[in-house]
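Undergrad: Coordinates in coords30.pdb, PDB, C-alpha atoms, are listed below.
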```
MODEL        1
ATOM      1  CA  MET A 146     -18.398 -39.143 -46.738  1.00  0.00           C
ATOM      2  CA  ALA A 147     -16.973 -35.692 -46.199  1.00  0.00           C
ATOM      3  CA  PRO A 148     -15.904 -34.882 -42.625  1.00  0.00           C
ATOM      4  CA  PRO A 149     -18.163 -32.457 -40.721  1.00  0.00           C
ATOM      5  CA  ALA A 150     -17.285 -28.784 -40.859  1.00  0.00           C
ATOM      6  CA  PRO A 151     -14.962 -27.744 -37.992  1.00  0.00           C
ATOM      7  CA  HIS A 152     -17.442 -25.176 -36.642  1.00  0.00           C
ATOM      8  CA  LEU A 153     -20.133 -27.861 -36.363  1.00  0.00           C
ATOM      9  CA  VAL A 154     -17.767 -30.083 -34.382  1.00  0.00           C
ATOM     10  CA  ASP A 155     -16.987 -27.147 -32.074  1.00  0.00           C
ATOM     11  CA  GLU A 156     -20.705 -26.527 -31.515  1.00  0.00           C
ATOM     12  CA  LEU A 157     -21.242 -30.178 -30.611  1.00  0.00           C
ATOM     13  CA  LEU A 158     -18.295 -30.076 -28.208  1.00  0.00           C
ATOM     14  CA  GLU A 159     -19.670 -26.923 -26.602  1.00  0.00           C
ATOM     15  CA  ASP A 160     -22.993 -28.654 -26.001  1.00  0.00           C
ATOM     16  CA  ILE A 161     -21.166 -31.575 -24.406  1.00  0.00           C
ATOM     17  CA  PHE A 162     -18.989 -29.353 -22.209  1.00  0.00           C
ATOM     18  CA  LEU A 163     -22.026 -27.349 -21.048  1.00  0.00           C
ATOM     19  CA  ARG A 164     -23.410 -30.570 -19.593  1.00  0.00           C
ATOM     20  CA  LEU A 165     -20.382 -31.242 -17.420  1.00  0.00           C
ATOM     21  CA  PRO A 166     -21.549 -31.106 -13.790  1.00  0.00           C
ATOM     22  CA  THR A 167     -18.860 -28.952 -12.153  1.00  0.00           C
ATOM     23  CA  PRO A 168     -16.206 -26.357 -12.972  1.00  0.00           C
ATOM     24  CA  ALA A 169     -13.596 -28.878 -11.811  1.00  0.00           C
ATOM     25  CA  ALA A 170     -14.773 -31.330 -14.477  1.00  0.00           C
ATOM     26  CA  LEU A 171     -14.607 -28.552 -17.058  1.00  0.00           C
ATOM     27  CA  ALA A 172     -11.050 -27.706 -16.020  1.00  0.00           C
ATOM     28  CA  ARG A 173     -10.003 -31.337 -16.395  1.00  0.00           C
ATOM     29  CA  ALA A 174     -11.575 -31.537 -19.844  1.00  0.00           C
ATOM     30  CA  SER A 175      -9.655 -28.438 -20.948  1.00  0.00           C
ATOM     31  CA  THR A 176      -6.347 -30.288 -20.412  1.00  0.00           C
ATOM     32  CA  ALA A 177      -7.277 -33.101 -22.823  1.00  0.00           C
ATOM     33  CA  SER A 178      -6.333 -31.273 -26.031  1.00  0.00           C
ATOM     34  CA  PRO A 179      -5.565 -27.778 -27.380  1.00  0.00           C
ATOM     35  CA  ARG A 180      -8.908 -27.801 -29.185  1.00  0.00           C
ATOM     36  CA  PHE A 181     -10.815 -28.529 -25.983  1.00  0.00           C
ATOM     37  CA  ARG A 182      -8.920 -25.789 -24.175  1.00  0.00           C
ATOM     38  CA  ARG A 183      -9.637 -23.246 -26.932  1.00  0.00           C
ATOM     39  CA  ILE A 184     -13.371 -23.948 -26.754  1.00  0.00           C
ATOM     40  CA  ILE A 185     -13.581 -24.021 -22.960  1.00  0.00           C
ATOM     41  CA  THR A 186     -11.581 -20.839 -22.383  1.00  0.00           C
ATOM     42  CA  ASP A 187     -13.616 -18.824 -24.876  1.00  0.00           C
ATOM     43  CA  ARG A 188     -15.354 -16.016 -22.985  1.00  0.00           C
ATOM     44  CA  SER A 189     -18.731 -16.514 -24.604  1.00  0.00           C
ATOM     45  CA  PHE A 190     -18.656 -20.211 -23.666  1.00  0.00           C
ATOM     46  CA  LEU A 191     -17.666 -19.419 -20.069  1.00  0.00           C
ATOM     47  CA  ARG A 192     -20.567 -16.981 -19.778  1.00  0.00           C
ATOM     48  CA  ARG A 193     -22.971 -19.711 -20.906  1.00  0.00           C
ATOM     49  CA  PHE A 194     -21.433 -22.224 -18.512  1.00  0.00           C
ATOM     50  CA  ARG A 195     -21.676 -19.866 -15.530  1.00  0.00           C
ATOM     51  CA  LYS A 196     -25.349 -19.235 -16.282  1.00  0.00           C
ATOM     52  CA  LEU A 197     -26.066 -22.972 -16.128  1.00  0.00           C
ATOM     53  CA  HIS A 198     -23.725 -23.733 -13.226  1.00  0.00           C
ATOM     54  CA  PRO A 199     -23.759 -21.046 -10.507  1.00  0.00           C
ATOM     55  CA  PRO A 200     -20.530 -21.283  -8.491  1.00  0.00           C
ATOM     56  CA  PRO A 201     -20.915 -23.020  -5.114  1.00  0.00           C
ATOM     57  CA  LEU A 202     -20.364 -21.181  -1.867  1.00  0.00           C
ATOM     58  CA  LEU A 203     -16.811 -21.519  -0.567  1.00  0.00           C
ATOM     59  CA  GLY A 204     -17.061 -19.470   2.594  1.00  0.00           C
ATOM     60  CA  PHE A 205     -17.620 -16.037   4.080  1.00  0.00           C
ATOM     61  CA  ALA A 206     -15.440 -12.936   4.244  1.00  0.00           C
ATOM     62  CA  ASP A 207     -15.568 -11.266   7.629  1.00  0.00           C
ATOM     63  CA  GLU A 208     -14.147  -7.827   8.359  1.00  0.00           C
ATOM     64  CA  ARG A 209     -12.680  -8.975  11.684  1.00  0.00           C
ATOM     65  CA  ALA A 210     -11.717 -12.623  11.232  1.00  0.00           C
ATOM     66  CA  GLY A 211     -10.802 -12.816   7.526  1.00  0.00           C
ATOM     67  CA  PHE A 212     -12.114 -15.784   5.554  1.00  0.00           C
ATOM     68  CA  HIS A 213     -14.234 -18.616   6.956  1.00  0.00           C
ATOM     69  CA  PRO A 214     -13.954 -21.583   4.526  1.00  0.00           C
ATOM     70  CA  ALA A 215     -16.705 -24.139   4.125  1.00  0.00           C
ATOM     71  CA  GLU A 216     -16.090 -27.215   6.235  1.00  0.00           C
ATOM     72  CA  ALA A 217     -16.834 -30.916   5.793  1.00  0.00           C
ATOM     73  CA  PRO A 218     -19.254 -32.429   4.997  1.00  0.00           C
ATOM     74  CA  HIS A 219     -19.921 -29.513   2.631  1.00  0.00           C
ATOM     75  CA  PRO A 220     -18.860 -30.629  -0.889  1.00  0.00           C
ATOM     76  CA  SER A 221     -16.840 -27.424  -1.400  1.00  0.00           C
ATOM     77  CA  ALA A 222     -14.713 -27.988   1.720  1.00  0.00           C
ATOM     78  CA  PRO A 223     -11.479 -29.187  -0.020  1.00  0.00           C
ATOM     79  CA  LEU A 224     -11.534 -26.326  -2.519  1.00  0.00           C
ATOM     80  CA  ALA A 225     -12.445 -23.843   0.214  1.00  0.00           C
ATOM     81  CA  ARG A 226      -9.498 -24.980   2.331  1.00  0.00           C
ATOM     82  CA  ALA A 227      -7.148 -24.626  -0.648  1.00  0.00           C
ATOM     83  CA  LEU A 228      -8.434 -21.094  -1.244  1.00  0.00           C
ATOM     84  CA  ALA A 229      -7.968 -20.160   2.418  1.00  0.00           C
ATOM     85  CA  ASP A 230      -4.359 -21.430   2.328  1.00  0.00           C
ATOM     86  CA  ALA A 231      -3.430 -19.706  -0.944  1.00  0.00           C
ATOM     87  CA  ALA A 232      -5.207 -16.337  -0.696  1.00  0.00           C
ATOM     88  CA  ASP A 233      -4.479 -13.347   1.546  1.00  0.00           C
ATOM     89  CA  PHE A 234      -7.699 -12.341   3.262  1.00  0.00           C
ATOM     90  CA  THR A 235      -5.853  -9.950   5.565  1.00  0.00           C
ATOM     91  CA  TYR A 236      -5.360  -7.719   2.471  1.00  0.00           C
ATOM     92  CA  SER A 237      -1.847  -6.895   3.638  1.00  0.00           C
ATOM     93  CA  PHE A 238      -0.756  -6.478  -0.013  1.00  0.00           C
ATOM     94  CA  VAL A 239      -3.045  -3.447  -0.454  1.00  0.00           C
ATOM     95  CA  PRO A 240      -1.448  -0.127   0.617  1.00  0.00           C
ATOM     96  CA  LYS A 241      -3.109   1.399   3.651  1.00  0.00           C
ATOM     97  CA  PRO A 242      -5.685   4.182   3.171  1.00  0.00           C
ATOM     98  CA  SER A 243      -4.407   7.737   3.420  1.00  0.00           C
ATOM     99  CA  ASN A 244      -5.867   8.062   6.910  1.00  0.00           C
ATOM    100  CA  ASP A 245      -3.602   5.163   7.974  1.00  0.00           C
ATOM    101  CA  HIS A 246      -6.535   3.077   9.138  1.00  0.00           C
ATOM    102  CA  SER A 247      -7.274  -0.458   8.025  1.00  0.00           C
ATOM    103  CA  TRP A 248      -9.267  -1.878   5.121  1.00  0.00           C
ATOM    104  CA  ARG A 249     -12.385  -3.929   5.624  1.00  0.00           C
ATOM    105  CA  PRO A 250     -14.383  -5.915   3.036  1.00  0.00           C
ATOM    106  CA  CYS A 251     -17.780  -4.518   2.115  1.00  0.00           C
ATOM    107  CA  ASN A 252     -18.694  -6.592  -0.967  1.00  0.00           C
ATOM    108  CA  VAL A 253     -17.493  -9.669  -2.906  1.00  0.00           C
ATOM    109  CA  ARG A 254     -18.208 -10.616  -6.513  1.00  0.00           C
ATOM    110  CA  ASP A 255     -16.506 -12.643  -9.288  1.00  0.00           C
ATOM    111  CA  GLY A 256     -13.397 -13.361  -7.245  1.00  0.00           C
ATOM    112  CA  ARG A 257     -12.849  -9.723  -6.311  1.00  0.00           C
ATOM    113  CA  VAL A 258     -13.228  -8.027  -2.945  1.00  0.00           C
ATOM    114  CA  LEU A 259     -14.322  -4.409  -2.562  1.00  0.00           C
ATOM    115  CA  LEU A 260     -12.537  -2.813   0.382  1.00  0.00           C
ATOM    116  CA  GLU A 261     -13.414   0.370   2.231  1.00  0.00           C
ATOM    117  CA  SER A 262     -11.423   2.340   4.779  1.00  0.00           C
ATOM    118  CA  SER A 263     -12.512   1.873   8.374  1.00  0.00           C
ATOM    119  CA  ARG A 264     -12.863   5.625   8.868  1.00  0.00           C
ATOM    120  CA  TYR A 265     -13.887   8.343   6.467  1.00  0.00           C
ATOM    121  CA  GLY A 266     -14.914  11.916   5.977  1.00  0.00           C
ATOM    122  CA  THR A 267     -17.840  12.460   3.663  1.00  0.00           C
ATOM    123  CA  PHE A 268     -17.134   9.288   1.664  1.00  0.00           C
ATOM    124  CA  ARG A 269     -14.937   6.271   2.325  1.00  0.00           C
ATOM    125  CA  GLU A 270     -11.736   5.430   0.474  1.00  0.00           C
ATOM    126  CA  LEU A 271     -12.186   2.337  -1.710  1.00  0.00           C
ATOM    127  CA  ALA A 272     -10.030  -0.362  -3.286  1.00  0.00           C
ATOM    128  CA  VAL A 273     -10.748  -3.495  -5.324  1.00  0.00           C
ATOM    129  CA  CYS A 274      -8.478  -6.509  -4.930  1.00  0.00           C
ATOM    130  CA  ASP A 275      -8.066 -10.183  -5.786  1.00  0.00           C
ATOM    131  CA  PRO A 276      -6.874 -12.009  -2.630  1.00  0.00           C
ATOM    132  CA  LEU A 277      -5.679 -14.996  -4.671  1.00  0.00           C
ATOM    133  CA  SER A 278      -3.453 -13.173  -7.197  1.00  0.00           C
ATOM    134  CA  GLN A 279      -2.828 -10.309  -4.705  1.00  0.00           C
ATOM    135  CA  ARG A 280      -3.498  -7.657  -7.328  1.00  0.00           C
ATOM    136  CA  TYR A 281      -5.377  -4.488  -6.469  1.00  0.00           C
ATOM    137  CA  VAL A 282      -6.723  -1.187  -7.785  1.00  0.00           C
ATOM    138  CA  LEU A 283      -6.975   1.885  -5.551  1.00  0.00           C
ATOM    139  CA  LEU A 284     -10.023   3.887  -6.583  1.00  0.00           C
ATOM    140  CA  PRO A 285      -9.673   7.667  -6.877  1.00  0.00           C
ATOM    141  CA  PRO A 286     -11.870   9.782  -4.601  1.00  0.00           C
ATOM    142  CA  ILE A 287     -15.236  10.919  -5.888  1.00  0.00           C
ATOM    143  CA  PRO A 288     -14.544  14.375  -7.414  1.00  0.00           C
ATOM    144  CA  GLU A 289     -15.420  17.347  -5.235  1.00  0.00           C
ATOM    145  CA  HIS A 290     -17.789  18.853  -7.785  1.00  0.00           C
ATOM    146  CA  MET A 291     -19.854  15.651  -7.549  1.00  0.00           C
ATOM    147  CA  SER A 292     -19.695  15.189  -3.817  1.00  0.00           C
ATOM    148  CA  VAL A 293     -19.911  18.636  -2.208  1.00  0.00           C
ATOM    149  CA  GLN A 294     -22.946  18.505   0.052  1.00  0.00           C
ATOM    150  CA  GLU A 295     -24.344  20.645   2.817  1.00  0.00           C
ATOM    151  CA  GLN A 296     -24.497  17.611   5.065  1.00  0.00           C
ATOM    152  CA  ARG A 297     -22.928  14.173   5.312  1.00  0.00           C
ATOM    153  CA  PRO A 298     -25.001  11.201   4.138  1.00  0.00           C
ATOM    154  CA  TRP A 299     -26.481   9.171   6.979  1.00  0.00           C
ATOM    155  CA  GLU A 300     -25.537   6.020   5.096  1.00  0.00           C
ATOM    156  CA  PHE A 301     -22.882   5.350   2.426  1.00  0.00           C
ATOM    157  CA  ARG A 302     -22.653   1.922   0.799  1.00  0.00           C
ATOM    158  CA  SER A 303     -20.689   0.485  -2.101  1.00  0.00           C
ATOM    159  CA  ILE A 304     -21.031  -2.667  -4.201  1.00  0.00           C
ATOM    160  CA  LEU A 305     -19.316  -4.342  -7.137  1.00  0.00           C
ATOM    161  CA  ALA A 306     -21.639  -4.346 -10.128  1.00  0.00           C
ATOM    162  CA  PRO A 307     -22.372  -7.655 -11.896  1.00  0.00           C
ATOM    163  CA  ILE A 308     -20.528  -8.231 -15.166  1.00  0.00           C
ATOM    164  CA  ALA A 309     -22.852  -7.306 -18.022  1.00  0.00           C
ATOM    165  CA  GLU A 310     -23.313  -9.805 -20.826  1.00  0.00           C
ATOM    166  CA  GLU A 311     -22.154  -7.258 -23.376  1.00  0.00           C
ATOM    167  CA  ASP A 312     -18.860  -6.664 -21.548  1.00  0.00           C
ATOM    168  CA  GLU A 313     -16.097  -8.007 -23.768  1.00  0.00           C
ATOM    169  CA  ASP A 314     -13.343  -7.494 -21.206  1.00  0.00           C
ATOM    170  CA  GLU A 315     -14.214  -9.564 -18.143  1.00  0.00           C
ATOM    171  CA  THR A 316     -11.191  -8.223 -16.282  1.00  0.00           C
ATOM    172  CA  SER A 317     -12.978  -4.873 -16.062  1.00  0.00           C
ATOM    173  CA  PHE A 318     -15.308  -3.978 -13.223  1.00  0.00           C
ATOM    174  CA  LYS A 319     -17.652  -1.269 -11.981  1.00  0.00           C
ATOM    175  CA  VAL A 320     -18.279  -0.014  -8.460  1.00  0.00           C
ATOM    176  CA  ILE A 321     -21.606   1.556  -7.510  1.00  0.00           C
ATOM    177  CA  CYS A 322     -21.777   3.887  -4.503  1.00  0.00           C
ATOM    178  CA  PHE A 323     -24.977   4.984  -2.787  1.00  0.00           C
ATOM    179  CA  ALA A 324     -25.036   8.149  -0.680  1.00  0.00           C
ATOM    180  CA  ASP A 325     -28.304   8.071   1.230  1.00  0.00           C
ATOM    181  CA  TYR A 326     -29.464  11.392   2.674  1.00  0.00           C
ATOM    182  CA  GLU A 327     -32.588  12.113   4.664  1.00  0.00           C
ATOM    183  CA  THR A 328     -34.509  13.252   1.586  1.00  0.00           C
ATOM    184  CA  LYS A 329     -32.569  11.861  -1.387  1.00  0.00           C
ATOM    185  CA  LEU A 330     -30.357   9.092  -2.721  1.00  0.00           C
ATOM    186  CA  ASP A 331     -27.293   9.983  -4.829  1.00  0.00           C
ATOM    187  CA  VAL A 332     -25.657   7.275  -6.954  1.00  0.00           C
ATOM    188  CA  PHE A 333     -22.073   7.268  -8.290  1.00  0.00           C
ATOM    189  CA  VAL A 334     -20.442   4.699 -10.598  1.00  0.00           C
ATOM    190  CA  PHE A 335     -16.732   4.003 -11.116  1.00  0.00           C
ATOM    191  CA  SER A 336     -15.454   2.200 -14.226  1.00  0.00           C
ATOM    192  CA  SER A 337     -12.080   0.440 -14.250  1.00  0.00           C
ATOM    193  CA  ILE A 338     -11.877   1.071 -18.002  1.00  0.00           C
ATOM    194  CA  THR A 339     -12.067   4.871 -17.808  1.00  0.00           C
ATOM    195  CA  ARG A 340     -10.693   5.049 -14.231  1.00  0.00           C
ATOM    196  CA  GLN A 341     -13.285   7.748 -13.585  1.00  0.00           C
ATOM    197  CA  TRP A 342     -16.402   8.319 -11.513  1.00  0.00           C
ATOM    198  CA  TRP A 343     -19.637   9.591 -12.940  1.00  0.00           C
ATOM    199  CA  PHE A 344     -22.783  10.805 -11.247  1.00  0.00           C
ATOM    200  CA  VAL A 345     -25.728   8.632 -12.257  1.00  0.00           C
ATOM    201  CA  GLY A 346     -28.435  10.667 -10.600  1.00  0.00           C
ATOM    202  CA  GLY A 347     -30.244  11.364  -7.407  1.00  0.00           C
ATOM    203  CA  GLY A 348     -31.779  14.269  -5.633  1.00  0.00           C
ATOM    204  CA  GLY A 349     -35.517  14.226  -6.016  1.00  0.00           C
ATOM    205  CA  ASN A 350     -35.393  11.944  -9.062  1.00  0.00           C
ATOM    206  CA  SER A 351     -38.044   9.343  -8.229  1.00  0.00           C
ATOM    207  CA  SER A 352     -36.967   7.003 -11.055  1.00  0.00           C
ATOM    208  CA  ILE A 353     -33.449   6.814  -9.618  1.00  0.00           C
ATOM    209  CA  MET A 354     -34.885   6.095  -6.197  1.00  0.00           C
ATOM    210  CA  LYS A 355     -37.071   3.267  -7.520  1.00  0.00           C
ATOM    211  CA  MET A 356     -34.193   1.789  -9.539  1.00  0.00           C
ATOM    212  CA  PHE A 357     -31.732   1.533  -6.662  1.00  0.00           C
ATOM    213  CA  THR A 358     -33.785   1.288  -3.478  1.00  0.00           C
ATOM    214  CA  GLY A 359     -34.124  -2.490  -3.833  1.00  0.00           C
ATOM    215  CA  THR A 360     -30.399  -2.864  -4.466  1.00  0.00           C
ATOM    216  CA  LEU A 361     -29.548  -0.786  -1.412  1.00  0.00           C
ATOM    217  CA  ALA A 362     -31.932  -2.792   0.764  1.00  0.00           C
ATOM    218  CA  SER A 363     -30.407  -6.107  -0.362  1.00  0.00           C
ATOM    219  CA  LEU A 364     -26.794  -5.235   0.440  1.00  0.00           C
ATOM    220  CA  HIS A 365     -26.945  -6.908   3.833  1.00  0.00           C
ATOM    221  CA  LEU A 366     -27.885 -10.173   2.108  1.00  0.00           C
ATOM    222  CA  CYS A 367     -25.078 -10.294  -0.442  1.00  0.00           C
ATOM    223  CA  GLN A 368     -22.163  -8.282   0.856  1.00  0.00           C
ATOM    224  CA  ASN A 369     -20.124 -11.027   2.578  1.00  0.00           C
ATOM    225  CA  ARG A 370     -20.395 -14.021   0.261  1.00  0.00           C
ATOM    226  CA  VAL A 371     -17.253 -15.512  -1.293  1.00  0.00           C
ATOM    227  CA  TYR A 372     -17.768 -17.791  -4.289  1.00  0.00           C
ATOM    228  CA  GLU A 373     -15.787 -20.322  -6.282  1.00  0.00           C
ATOM    229  CA  ALA A 374     -15.162 -17.571  -8.831  1.00  0.00           C
ATOM    230  CA  PHE A 375     -11.940 -16.984  -6.874  1.00  0.00           C
ATOM    231  CA  CYS A 376     -10.658 -20.292  -8.220  1.00  0.00           C
ATOM    232  CA  ILE A 377     -12.184 -21.113 -11.562  1.00  0.00           C
ATOM    233  CA  SER A 378     -13.634 -18.112 -13.326  1.00  0.00           C
ATOM    234  CA  GLY A 379     -10.358 -16.765 -14.672  1.00  0.00           C
ATOM    235  CA  LEU A 380     -11.373 -13.219 -13.797  1.00  0.00           C
ATOM    236  CA  SER A 381      -8.768 -10.838 -12.525  1.00  0.00           C
ATOM    237  CA  LEU A 382      -7.965  -7.160 -12.321  1.00  0.00           C
ATOM    238  CA  PRO A 383      -6.896  -5.057 -15.290  1.00  0.00           C
TER     239      PRO A 383
ENDMDL
END
```
The structure given in the file should be rewritten as structure tokens.
TA:
Amino acid sequence: MAPPAPHLVDELLEDIFLRLPTPAALARASTASPRFRRIITDRSFLRRFRKLHPPPLLGFADERAGFHPAEAPHPSAPLARALADAADFTYSFVPKPSNDHSWRPCNVRDGRVLLESSRYGTFRELAVCDPLSQRYVLLPPIPEHMSVQEQRPWEFRSILAPIAEEDEDETSFKVICFADYETKLDVFVFSSITRQWWFVGGGGNSSIMKMFTGTLASLHLCQNRVYEAFCISGLSLP
């Protein structure tokens, strides 16, 4: 009998690996052979695995007290403690903002932390960093021709956008900024690939308002979570 085609064997192995219960088990399996590692580290496979196995909560990032790791009897406690010992949640490796004030975390996603300056003019200075690898990207200011306003926004919030399924380069990221005025909501997006901001829309555009109002309202729920993606996702900064 002829041996099965290699691609069929790989598909069977993928199905087996997708059924592993935890990222730690997946990491151990990847050390068994070069073939296992090739399959497990493939980006398309990792996307499928993350969909089936959402990363467990490791702790919370706090703008005053740094990182609060999960504690026993939480099952993530050992990994959370290891993360707290290895990572720098004081963000001392990120150069200070131009106003010489401190950074504070405003959003966390996929092992990255979005930092904002503690004081600002019209908009805040922003940076994206990885506390584990201690790499960072300082975002350029929003261009004046996009941001000149007659009045300051009464609320300015920023988030890291989720990685889209079509994104080939998972080391890239996007930052979405919301400038909320009394009568309008302006939205700006930064791409790490182009290193540029663009104006998505706003003003009296009701479709823009409907699209982003829910996201803006949910920021308080998601902005301070830190997930296992710091340890196992393999994501980093470009």
Undergrad: Written as an NGL selection string, which residues does the PyMOL selection byres ((chain A and resi 270) around 12) give for the file shown?
TA: :A and (240-251 or 259-269 or 271-273 or 282-287 or 301-303 or 322)
Undergrad: Give as a VMD selection string the residues that the PyMOL selection byres ((chain A and resi 300) around 8) matches when applied to the coordinates above.
TA: chain A and resid 298 to 299 301 to 302 323 to 326
Undergrad: May I have the selected residues written with C-alpha atoms, as a PDB file, keeping the file's coordinate frame?
TA:
```pdb
ATOM      1  CA  PRO A 298     -25.001  11.201   4.138  1.00  0.00           C
ATOM      2  CA  TRP A 299     -26.481   9.171   6.979  1.00  0.00           C
ATOM      3  CA  PHE A 301     -22.882   5.350   2.426  1.00  0.00           C
ATOM      4  CA  ARG A 302     -22.653   1.922   0.799  1.00  0.00           C
ATOM      5  CA  PHE A 323     -24.977   4.984  -2.787  1.00  0.00           C
ATOM      6  CA  ALA A 324     -25.036   8.149  -0.680  1.00  0.00           C
ATOM      7  CA  ASP A 325     -28.304   8.071   1.230  1.00  0.00           C
ATOM      8  CA  TYR A 326     -29.464  11.392   2.674  1.00  0.00           C
TER       9      TYR A 326
END
```
Undergrad: So which one's closest to His290 of chain A, A:Trp342, A:Ser336, A:Asp155, A:Val320? Using all atoms listed in the file, please.
TA: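 Closest residue, counting all atoms listed in the file: A:Trp342.
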Undergrad: Just the number, please: distance in Å from atom CA of Ile321 of chain A to atom CA of Ile304 of chain A, one decimal.
TA: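 Here the two named atoms are 5.4 Å from each other.
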Undergrad: I need the residue set behind the PyMOL selection byres ((chain A and resi 209) around 10) for this file; please write it as an mmCIF file with C-alpha atoms, in the frame of the given file.
TA:
```cif
data_model
loop_
_atom_site.group_PDB
_atom_site.id
_atom_site.type_symbol
_atom_site.label_atom_id
_atom_site.label_comp_id
_atom_site.auth_asym_id
_atom_site.auth_seq_id
_atom_site.Cartn_x
_atom_site.Cartn_y
_atom_site.Cartn_z
ATOM 1 C CA ALA A 206 -15.440 -12.936 4.244
ATOM 2 C CA ASP A 207 -15.568 -11.266 7.629
ATOM 3 C CA GLU A 208 -14.147 -7.827 8.359
ATOM 4 C CA ALA A 210 -11.717 -12.623 11.232
ATOM 5 C CA GLY A 211 -10.802 -12.816 7.526
ATOM 6 C CA PHE A 212 -12.114 -15.784 5.554
ATOM 7 C CA THR A 235 -5.853 -9.950 5.565
ATOM 8 C CA ARG A 249 -12.385 -3.929 5.624
ATOM 9 C CA PRO A 250 -14.383 -5.915 3.036
#
```
Undergrad: To one decimal in Å, tell me the separation between atom CA of Gly346 of chain A and atom CA of Ala306 of chain A.
TA: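 Distance between the two atoms: 16.5 Å.
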Undergrad: I'd like the neighbourhood of segment 175-181 of chain A as a VMD selection string, where a residue qualifies if any of its atoms comes within 12 Å (using only C-alpha atoms), though same-chain residues fewer than 2 positions away should be ignored.
TA: chain A and resid 151 to 152 154 to 159 161 to 162 165 168 to 173 183 to 187 190
Undergrad: Between A:Gln279, A:Ser221, A:Gln341, A:Thr167, single out the one closest to Leu197 of chain A, counting all atoms listed in the file.
TA: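 Under the stated criterion, the closest residue is A:Thr167.
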Undergrad: How big is the axis-aligned box around the listed atoms of segment 168-174 of chain A once 8 Å is added on each side, and where is its centre? Give both in Å to one decimal, as lines of an AutoDock Vina configuration file.
TA:
```
center_x = -13.1
center_y = -28.9
center_z = -15.8
size_x = 22.2
size_y = 21.2
size_z = 24.0
```
Undergrad: Do a neighbour search on Val239 of chain A at 8 Å with only C-alpha atoms, toss out local chain neighbours closer than 2 positions, and write the hits as a PyMOL selection string.
TA: chain A and resi 236-237+241+274+281
Undergrad: I'd like the interatomic distance between atom CA of Ala217 of chain A and atom CA of His198 of chain A, to a tenth of an Å.
TA: 21.5 Å
